[in-house]
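S.K.: What follows is start_32.cif, made up of mmCIF, C-alpha atoms:
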```cif
data_input
loop_
_atom_site.label_atom_id
_atom_site.label_comp_id
_atom_site.auth_asym_id
_atom_site.auth_seq_id
_atom_site.Cartn_x
_atom_site.Cartn_y
_atom_site.Cartn_z
CA MET A 20 159.86 73.05 144.52
CA LYS A 21 156.91 74.96 145.98
CA HIS A 22 153.73 75.04 143.92
CA PRO A 23 151.73 78.28 143.89
CA ARG A 24 148.77 78.23 146.24
CA ARG A 25 145.55 77.40 144.45
CA PRO A 26 142.74 79.91 144.77
CA ARG A 27 139.48 78.59 146.21
CA ARG A 28 137.33 80.99 144.20
CA ILE A 29 137.84 82.93 140.96
CA ALA A 30 135.54 85.56 139.47
CA LEU A 31 136.00 86.40 135.79
CA ARG A 32 134.65 88.82 133.21
CA ALA A 33 134.06 87.28 129.78
CA SER A 34 133.67 89.87 127.01
CA ALA A 35 131.67 89.79 123.81
CA LYS A 36 133.31 90.45 120.44
CA VAL A 37 132.42 92.10 117.17
CA ASN A 38 133.67 91.19 113.72
CA LEU A 39 134.86 94.39 112.05
CA SER A 40 135.33 92.30 108.92
CA LEU A 41 134.16 88.83 107.98
CA GLU A 42 135.04 87.52 104.52
CA VAL A 43 134.14 84.06 103.25
CA LEU A 44 136.92 83.11 100.84
CA GLY A 45 135.64 79.71 99.75
CA LYS A 46 134.66 76.22 100.83
CA ARG A 47 137.37 73.90 102.12
CA PRO A 48 137.77 70.19 101.28
CA ASP A 49 136.64 69.37 104.85
CA GLY A 50 133.27 71.05 104.18
CA PHE A 51 133.95 74.13 106.30
CA HIS A 52 134.54 77.63 104.96
CA GLU A 53 137.83 79.50 104.71
CA ILE A 54 137.39 82.91 106.27
CA ALA A 55 139.25 86.08 107.14
CA SER A 56 137.93 88.17 110.00
CA VAL A 57 139.15 91.06 112.13
CA MET A 58 137.82 90.45 115.65
CA HIS A 59 137.72 92.89 118.55
CA ALA A 60 136.45 92.41 122.12
CA VAL A 61 133.93 94.89 123.56
CA ASP A 62 132.95 95.59 127.15
CA LEU A 63 129.57 93.86 127.14
CA GLU A 64 130.41 91.05 129.57
CA ASP A 65 129.21 87.83 131.15
CA ARG A 66 130.47 87.02 134.67
CA LEU A 67 131.72 83.57 135.69
CA THR A 68 132.40 82.51 139.25
CA LEU A 69 134.33 79.29 139.86
CA GLU A 70 134.66 77.70 143.28
CA ALA A 71 136.55 74.56 144.26
CA ALA A 72 134.18 71.60 144.72
CA PRO A 73 134.34 67.77 144.65
CA THR A 74 132.48 67.57 141.30
CA VAL A 75 131.73 69.86 138.37
CA SER A 76 128.36 71.63 138.54
CA PHE A 77 127.02 74.50 136.45
CA HIS A 78 124.27 77.06 137.03
CA ALA A 79 123.25 80.07 134.96
CA ASP A 80 120.86 82.91 135.75
CA ASP A 81 119.33 82.48 132.26
CA PRO A 82 116.85 79.55 132.52
CA GLU A 83 116.95 79.07 128.74
CA LEU A 84 120.59 77.95 128.80
CA PRO A 85 121.33 74.20 128.93
CA THR A 86 123.22 73.06 132.02
CA ASP A 87 124.52 69.79 130.58
CA GLU A 88 126.95 68.93 127.77
CA GLY A 89 124.86 71.16 125.50
CA ASN A 90 126.56 74.11 127.17
CA LEU A 91 130.08 75.07 126.07
CA VAL A 92 131.14 75.86 129.66
CA VAL A 93 130.31 72.32 130.79
CA ARG A 94 132.08 70.87 127.76
CA ALA A 95 135.13 73.07 128.43
CA ALA A 96 135.37 71.76 132.00
CA ALA A 97 135.08 68.14 130.85
CA LEU A 98 137.64 68.66 128.09
CA LEU A 99 140.21 70.25 130.42
CA ARG A 100 139.76 67.53 133.05
CA GLU A 101 140.37 64.87 130.41
CA ALA A 102 143.33 66.64 128.79
CA ALA A 103 145.01 67.37 132.14
CA GLY A 104 144.19 63.97 133.64
CA VAL A 105 142.67 65.43 136.81
CA GLU A 106 139.57 64.55 138.80
CA ALA A 107 139.07 67.99 140.35
CA GLY A 108 135.69 69.65 140.38
CA ALA A 109 134.22 73.14 140.46
CA LYS A 110 130.98 74.93 141.14
CA ILE A 111 130.52 77.22 138.14
CA GLU A 112 128.02 80.09 138.18
CA LEU A 113 127.28 82.22 135.11
CA ARG A 114 125.62 85.63 135.06
CA LYS A 115 124.55 85.99 131.43
CA ARG A 116 124.48 89.45 129.82
CA ILE A 117 125.66 88.71 126.25
CA PRO A 118 122.69 87.59 124.13
CA VAL A 119 122.74 83.97 122.96
CA ALA A 120 123.34 83.03 119.28
CA ALA A 121 123.73 86.71 118.43
CA GLY A 122 127.02 86.92 116.51
CA LEU A 123 128.81 88.27 119.60
CA GLY A 124 130.61 85.07 120.69
CA GLY A 125 129.09 84.92 124.18
CA GLY A 126 129.15 81.13 124.48
CA SER A 127 132.71 80.95 123.16
CA SER A 128 133.85 83.68 125.56
CA ASP A 129 132.28 81.82 128.50
CA ALA A 130 134.02 78.60 127.44
CA ALA A 131 137.37 80.39 127.17
CA ALA A 132 136.87 81.91 130.63
CA ALA A 133 136.05 78.46 132.03
CA LEU A 134 139.25 76.98 130.57
CA TRP A 135 141.43 79.80 131.90
CA GLY A 136 139.77 79.95 135.30
CA LEU A 137 139.74 76.20 135.87
CA SER A 138 143.41 75.94 134.92
CA ARG A 139 144.13 78.32 137.80
CA LEU A 140 141.60 76.80 140.20
CA TRP A 141 143.01 73.31 139.65
CA GLY A 142 146.64 74.44 139.85
CA LEU A 143 147.47 73.35 136.30
CA GLY A 144 149.32 76.54 135.35
CA TRP A 145 148.54 76.14 131.66
CA SER A 146 149.39 79.16 129.51
CA ARG A 147 146.75 80.89 127.41
CA ALA A 148 148.52 79.54 124.30
CA ARG A 149 148.31 75.96 125.54
CA LEU A 150 144.66 76.43 126.46
CA ALA A 151 143.99 77.89 123.01
CA GLU A 152 145.25 74.68 121.38
CA LEU A 153 142.63 72.81 123.38
CA ALA A 154 139.97 75.45 122.76
CA VAL A 155 139.78 74.71 119.02
CA ARG A 156 137.94 71.50 119.92
CA LEU A 157 135.14 73.59 121.44
CA GLY A 158 134.69 76.04 118.56
CA MET A 159 136.60 78.25 116.16
CA ASP A 160 135.90 81.48 118.10
CA VAL A 161 137.07 80.15 121.48
CA PRO A 162 140.86 80.60 120.89
CA PHE A 163 140.33 84.31 120.11
CA PHE A 164 138.99 84.95 123.60
CA LEU A 165 142.14 83.45 125.12
CA GLY A 166 144.37 85.75 123.08
CA PRO A 167 145.97 89.09 123.96
CA GLY A 168 143.50 91.34 122.13
CA PRO A 169 142.30 92.26 118.63
CA ALA A 170 143.28 89.72 115.99
CA LEU A 171 142.97 88.68 112.37
CA ALA A 172 141.41 85.21 112.25
CA THR A 173 142.00 83.02 109.20
CA GLY A 174 141.55 79.37 108.26
CA ARG A 175 138.26 78.28 109.83
CA GLY A 176 138.84 81.09 112.32
CA GLU A 177 141.35 79.25 114.49
CA ARG A 178 144.55 80.83 113.09
CA LEU A 179 145.09 84.12 114.87
CA GLU A 180 147.40 87.01 114.10
CA PRO A 181 147.41 89.48 117.03
CA LEU A 182 147.06 93.08 115.88
CA GLY A 183 148.40 94.80 119.00
CA ARG A 184 146.80 97.83 120.61
CA MET A 185 144.56 99.58 118.13
CA GLY A 186 143.01 102.40 120.13
CA GLY A 187 139.50 102.53 121.56
CA TYR A 188 136.21 102.86 119.68
CA ALA A 189 132.64 103.42 120.82
CA LEU A 190 129.88 101.29 119.37
CA VAL A 191 126.16 100.70 119.67
CA LEU A 192 125.01 97.08 119.58
CA VAL A 193 121.44 96.33 118.49
CA ASN A 194 119.90 92.87 118.83
CA PRO A 195 116.37 91.97 117.64
CA GLY A 196 115.74 89.38 120.37
CA VAL A 197 115.78 86.39 118.03
CA SER A 198 118.64 84.06 117.13
CA VAL A 199 119.85 82.60 113.85
CA SER A 200 121.64 79.31 113.21
CA THR A 201 125.27 79.75 112.17
CA ARG A 202 125.09 76.40 110.39
CA GLU A 203 122.07 77.52 108.36
CA VAL A 204 123.72 80.84 107.49
CA TYR A 205 126.88 79.21 106.12
CA ALA A 206 124.80 76.63 104.24
CA ARG A 207 123.24 79.52 102.30
CA VAL A 208 126.53 81.20 101.37
CA PRO A 209 126.82 81.27 97.55
CA ALA A 210 129.62 79.17 96.09
CA ALA A 211 132.61 81.45 95.50
CA CYS A 212 136.34 81.35 95.90
CA ARG A 213 138.89 84.12 96.16
CA ASP A 214 142.39 84.32 97.53
CA GLU A 215 142.44 87.92 98.66
CA ALA A 216 140.99 89.19 101.92
CA ALA A 217 140.94 92.79 100.71
CA GLY A 218 138.19 93.91 103.09
CA SER A 219 140.03 92.67 106.16
CA ARG A 220 143.19 94.44 105.00
CA ARG A 221 141.25 97.71 104.66
CA VAL A 222 139.90 97.30 108.20
CA MET A 223 143.39 96.63 109.59
CA ASP A 224 144.79 99.66 107.76
CA ALA A 225 141.98 101.81 109.18
CA LEU A 226 142.60 100.51 112.71
CA ARG A 227 146.26 101.50 112.44
CA THR A 228 145.29 105.07 111.56
CA ARG A 229 142.91 105.22 114.55
CA ASN A 230 140.51 107.15 112.32
CA VAL A 231 136.94 106.18 113.18
CA ALA A 232 135.46 107.53 109.93
CA ARG A 233 137.92 105.49 107.88
CA LEU A 234 137.14 102.40 109.94
CA ALA A 235 133.41 102.97 109.46
CA ALA A 236 133.89 103.06 105.69
CA ALA A 237 135.92 99.82 105.74
CA LEU A 238 133.47 97.60 107.67
CA THR A 239 132.51 94.44 105.74
CA ASN A 240 130.63 91.21 106.34
CA ASP A 241 129.93 88.69 103.57
CA LEU A 242 127.22 87.03 105.67
CA GLU A 243 125.09 90.14 106.15
CA ARG A 244 123.01 89.77 102.96
CA VAL A 245 122.50 86.07 103.64
CA VAL A 246 121.15 86.74 107.13
CA GLU A 247 119.04 89.69 106.00
CA SER A 248 117.28 87.37 103.53
CA ILE A 249 116.32 85.18 106.52
CA LEU A 250 115.73 88.02 108.98
CA PRO A 251 114.84 91.39 107.37
CA ALA A 252 115.18 93.07 110.78
CA VAL A 253 118.96 93.14 110.16
CA GLY A 254 118.47 95.71 107.40
CA ARG A 255 116.05 97.73 109.53
CA MET A 256 118.45 97.83 112.49
CA LYS A 257 121.30 98.91 110.25
CA ALA A 258 119.19 101.67 108.68
CA ALA A 259 118.04 102.83 112.14
CA LEU A 260 121.64 103.10 113.37
CA LEU A 261 122.71 105.12 110.35
CA ALA A 262 119.65 107.39 110.61
CA ALA A 263 120.45 107.94 114.31
CA GLY A 264 123.94 109.20 113.48
CA ALA A 265 126.22 106.13 113.39
CA LEU A 266 129.24 106.71 111.16
CA GLY A 267 128.92 103.18 109.78
CA ALA A 268 126.99 100.01 110.63
CA MET A 269 127.49 96.30 110.01
CA MET A 270 126.25 92.95 111.24
CA SER A 271 128.60 91.08 113.58
CA GLY A 272 129.59 87.49 112.83
CA SER A 273 126.72 85.33 111.62
CA GLY A 274 124.29 87.75 113.24
CA PRO A 275 121.78 88.91 113.89
CA THR A 276 123.32 91.64 116.11
CA VAL A 277 124.21 94.81 114.20
CA PHE A 278 126.67 97.38 115.50
CA GLY A 279 127.17 101.03 114.66
CA LEU A 280 130.36 103.06 115.08
CA ALA A 281 130.14 106.32 117.02
CA ARG A 282 132.51 109.26 117.49
CA SER A 283 132.61 108.80 121.28
CA LEU A 284 130.88 106.93 124.09
CA ASP A 285 128.58 109.92 124.67
CA HIS A 286 127.69 109.86 120.97
CA ALA A 287 127.05 106.09 121.23
CA ARG A 288 124.67 106.68 124.15
CA GLN A 289 122.79 109.29 122.12
CA ILE A 290 122.45 106.84 119.22
CA ARG A 291 121.29 104.09 121.58
CA ARG A 292 118.52 106.32 122.94
CA ARG A 293 117.36 107.15 119.41
CA VAL A 294 117.42 103.53 118.21
CA ASN A 295 116.03 101.87 121.33
CA ARG A 296 112.54 100.55 120.65
CA ALA A 297 110.27 97.71 121.73
CA GLY A 298 111.73 94.34 120.77
CA TRP A 299 115.28 95.58 120.22
CA ALA A 300 117.96 95.38 122.90
CA CYS A 301 120.62 98.10 122.66
CA TRP A 302 123.96 98.69 124.36
CA ALA A 303 126.53 101.48 124.14
CA VAL A 304 129.93 99.81 124.48
CA ARG A 305 133.64 100.37 123.95
CA THR A 306 136.25 98.16 122.36
CA GLN A 307 138.89 96.55 124.60
CA SER A 308 142.52 96.67 123.57
CA GLY A 309 143.61 93.91 125.97
CA PRO A 310 142.49 90.32 126.68
CA ALA A 311 138.79 89.47 126.51
CA ILE A 312 139.00 87.34 129.69
CA ARG A 313 139.86 89.27 132.87
CA ILE A 314 139.72 88.90 136.62
CA ALA A 315 136.50 90.52 137.90
#
```
Rewrite the structure from the file as structure tokens, please.
M.R.:
Amino acid sequence: MKHPRRPRRIALRASAKVNLSLEVLGKRPDGFHEIASVMHAVDLEDRLTLEAAPTVSFHADDPELPTDEGNLVVRAAALLREAAGVEAGAKIELRKRIPVAAGLGGGSSDAAAALWGLSRLWGLGWSRARLAELAVRLGMDVPFFLGPGPALATGRGERLEPLGRMGGYALVLVNPGVSVSTREVYARVPAACRDEAAGSRRVMDALRTRNVARLAAALTNDLERVVESILPAVGRMKAALLAAGALGAMMSGSGPTVFGLARSLDHARQIRRRVNRAGWACWAVRTQSGPAIRIA
């Protein structure tokens, strides 16, 4: 049987994500939190280039990023080599555009892209589903980026229910240029327990109607108040987006990036110009209905 020819070089786009809902339902016996979150990829992207090489090496254009096992891309490569029982290598280059530790899943997206790209580069032929089973060991957000598109994440975030094509939305992302620790944020979550993920259901219902005003009214994030108590800039960014004309605004993930919903991409660009100020990075982006990891 003929094996498909292995590529010598693969270039990939790795998208950021936003959490249109994030509900913390309670603390689990294993010490982690049970969540429900509607996740959607957006077209703010990192670029990964993978080339066949005798050993694994990693370089990023952001000098602040670690290039050893402290980086999820390096860990993804090591994990796949071990799981597949191969000794292949790769030269991995990362062009970083998604801010780090910002609630946008940039590191997780890069790790997912590394798993998918290396599977092809090394001729493994692993499906996205099989890679997603491995991805859980890297982080709870990583499996989402290997999925087919928008999804409801439950459990610790690793159980995914694809939502299908939900139409396109324009957003403005605002980041204050500082990071927050996800671990610290969850440590400050007040003790509470509820069975119902009502906010996530409202978001999914709004997505099905493709009504941007209804979606704006449904946005929810249980971590927003926690992060705002650590970083008051979250509240200021949210207020600035709403004052600039956003239909609704919410923090993404464990922050501190805040996003605002716009009527169109042109409207998002207008909002970005109004909100843009020294110390805040702003992007006008669109949601992606398909996979977050794509060939460049």
S.K.: Just say which residues the PyMOL selection byres ((chain A and resi 70) around 8) picks in this file, as a PyMOL selection string.
M.R.: chain A and resi 27-29+68-69+71-72+109-111+140
S.K.: If you apply the PyMOL selection byres ((chain A and resi 39-53) around 8) to this file, what residues do you get, as a PyMOL selection string?
M.R.: chain A and resi 37-38+54-59+173-176+205+210-216+218-219+222+238-242+269+271-272
S.K.: Report, in Å with one decimal, the straight-line distance from CA of Ser138 (chain A) to CA of Gly158 (chain A).
M.R.: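 Between CA of Ser138 (chain A) and CA of Gly158 (chain A) the gap is 18.5 Å.
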S.K.: Find the residues around region 291-295 of chain A up to 7 Å (all atoms listed in the file counted), leave out those fewer than 5 positions away in its own chain, and share them as a PDB file with C-alpha atoms, in the frame of the given file.
M.R.:
```
ATOM      1  CA  VAL A 191     126.160 100.700 119.670  1.00  0.00           C
ATOM      2  CA  ALA A 259     118.040 102.830 112.140  1.00  0.00           C
ATOM      3  CA  LEU A 260     121.640 103.100 113.370  1.00  0.00           C
ATOM      4  CA  ALA A 263     120.450 107.940 114.310  1.00  0.00           C
ATOM      5  CA  ALA A 300     117.960  95.380 122.900  1.00  0.00           C
ATOM      6  CA  CYS A 301     120.620  98.100 122.660  1.00  0.00           C
ATOM      7  CA  TRP A 302     123.960  98.690 124.360  1.00  0.00           C
ATOM      8  CA  ALA A 303     126.530 101.480 124.140  1.00  0.00           C
TER       9      ALA A 303
END
```
S.K.: For the atom pair CA of Ala154 (chain A) and CA of Gly89 (chain A), what is the interatomic distance in Å to one decimal place?
M.R.: 15.9 Å
S.K.: Pick out the closest residue to Leu137 (chain A) from this set: A:Gly104, A:Gly166, A:Pro310, A:Pro26. Count only C-alpha atoms.
M.R.: A:Pro26
S.K.: Using Å and a single decimal, report how far CA of Trp145 (chain A) sits from CA of Val61 (chain A).
M.R.: 25.1 Å
S.K.: Residue by residue, what does the PyMOL selection byres ((chain A and resi 146) around 12) grab here? Present the result as an MDAnalysis selection string.
M.R.: chainID A and resid 134:139 142:145 147:153 165:167
S.K.: Take the residues from that selection and put them in a file with C-alpha atoms, as a compact mmCIF listing (two decimals), keeping the file's coordinate frame.
M.R.:
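Result file follows (selection31.txt):
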```txt
# COMPACT_ATOMS: atom_id res chain seq x y z
CA LEU A 134 139.25 76.98 130.57
CA TRP A 135 141.43 79.80 131.90
CA GLY A 136 139.77 79.95 135.30
CA LEU A 137 139.74 76.20 135.87
CA SER A 138 143.41 75.94 134.92
CA ARG A 139 144.13 78.32 137.80
CA GLY A 142 146.64 74.44 139.85
CA LEU A 143 147.47 73.35 136.30
CA GLY A 144 149.32 76.54 135.35
CA TRP A 145 148.54 76.14 131.66
CA ARG A 147 146.75 80.89 127.41
CA ALA A 148 148.52 79.54 124.30
CA ARG A 149 148.31 75.96 125.54
CA LEU A 150 144.66 76.43 126.46
CA ALA A 151 143.99 77.89 123.01
CA GLU A 152 145.25 74.68 121.38
CA LEU A 153 142.63 72.81 123.38
CA LEU A 165 142.14 83.45 125.12
CA GLY A 166 144.37 85.75 123.08
CA PRO A 167 145.97 89.09 123.96
```
S.K.: Considering only C-alpha atoms, give me a table of residues in region 105-209 of chain A that are at most 12 Å from region 230-237 of chain A, with the closest atom pair and distance in Å for each, as a Markdown table.
M.R.:
```
| residue | atom | partner | partner_atom | distance |
| --- | --- | --- | --- | --- |
| A:Met185 | CA | A:Asn230 | CA | 10.4 |
| A:Gly186 | CA | A:Asn230 | CA | 9.5 |
| A:Gly187 | CA | A:Val231 | CA | 9.5 |
| A:Tyr188 | CA | A:Val231 | CA | 7.3 |
| A:Ala189 | CA | A:Val231 | CA | 9.2 |
| A:Leu190 | CA | A:Val231 | CA | 10.6 |
```
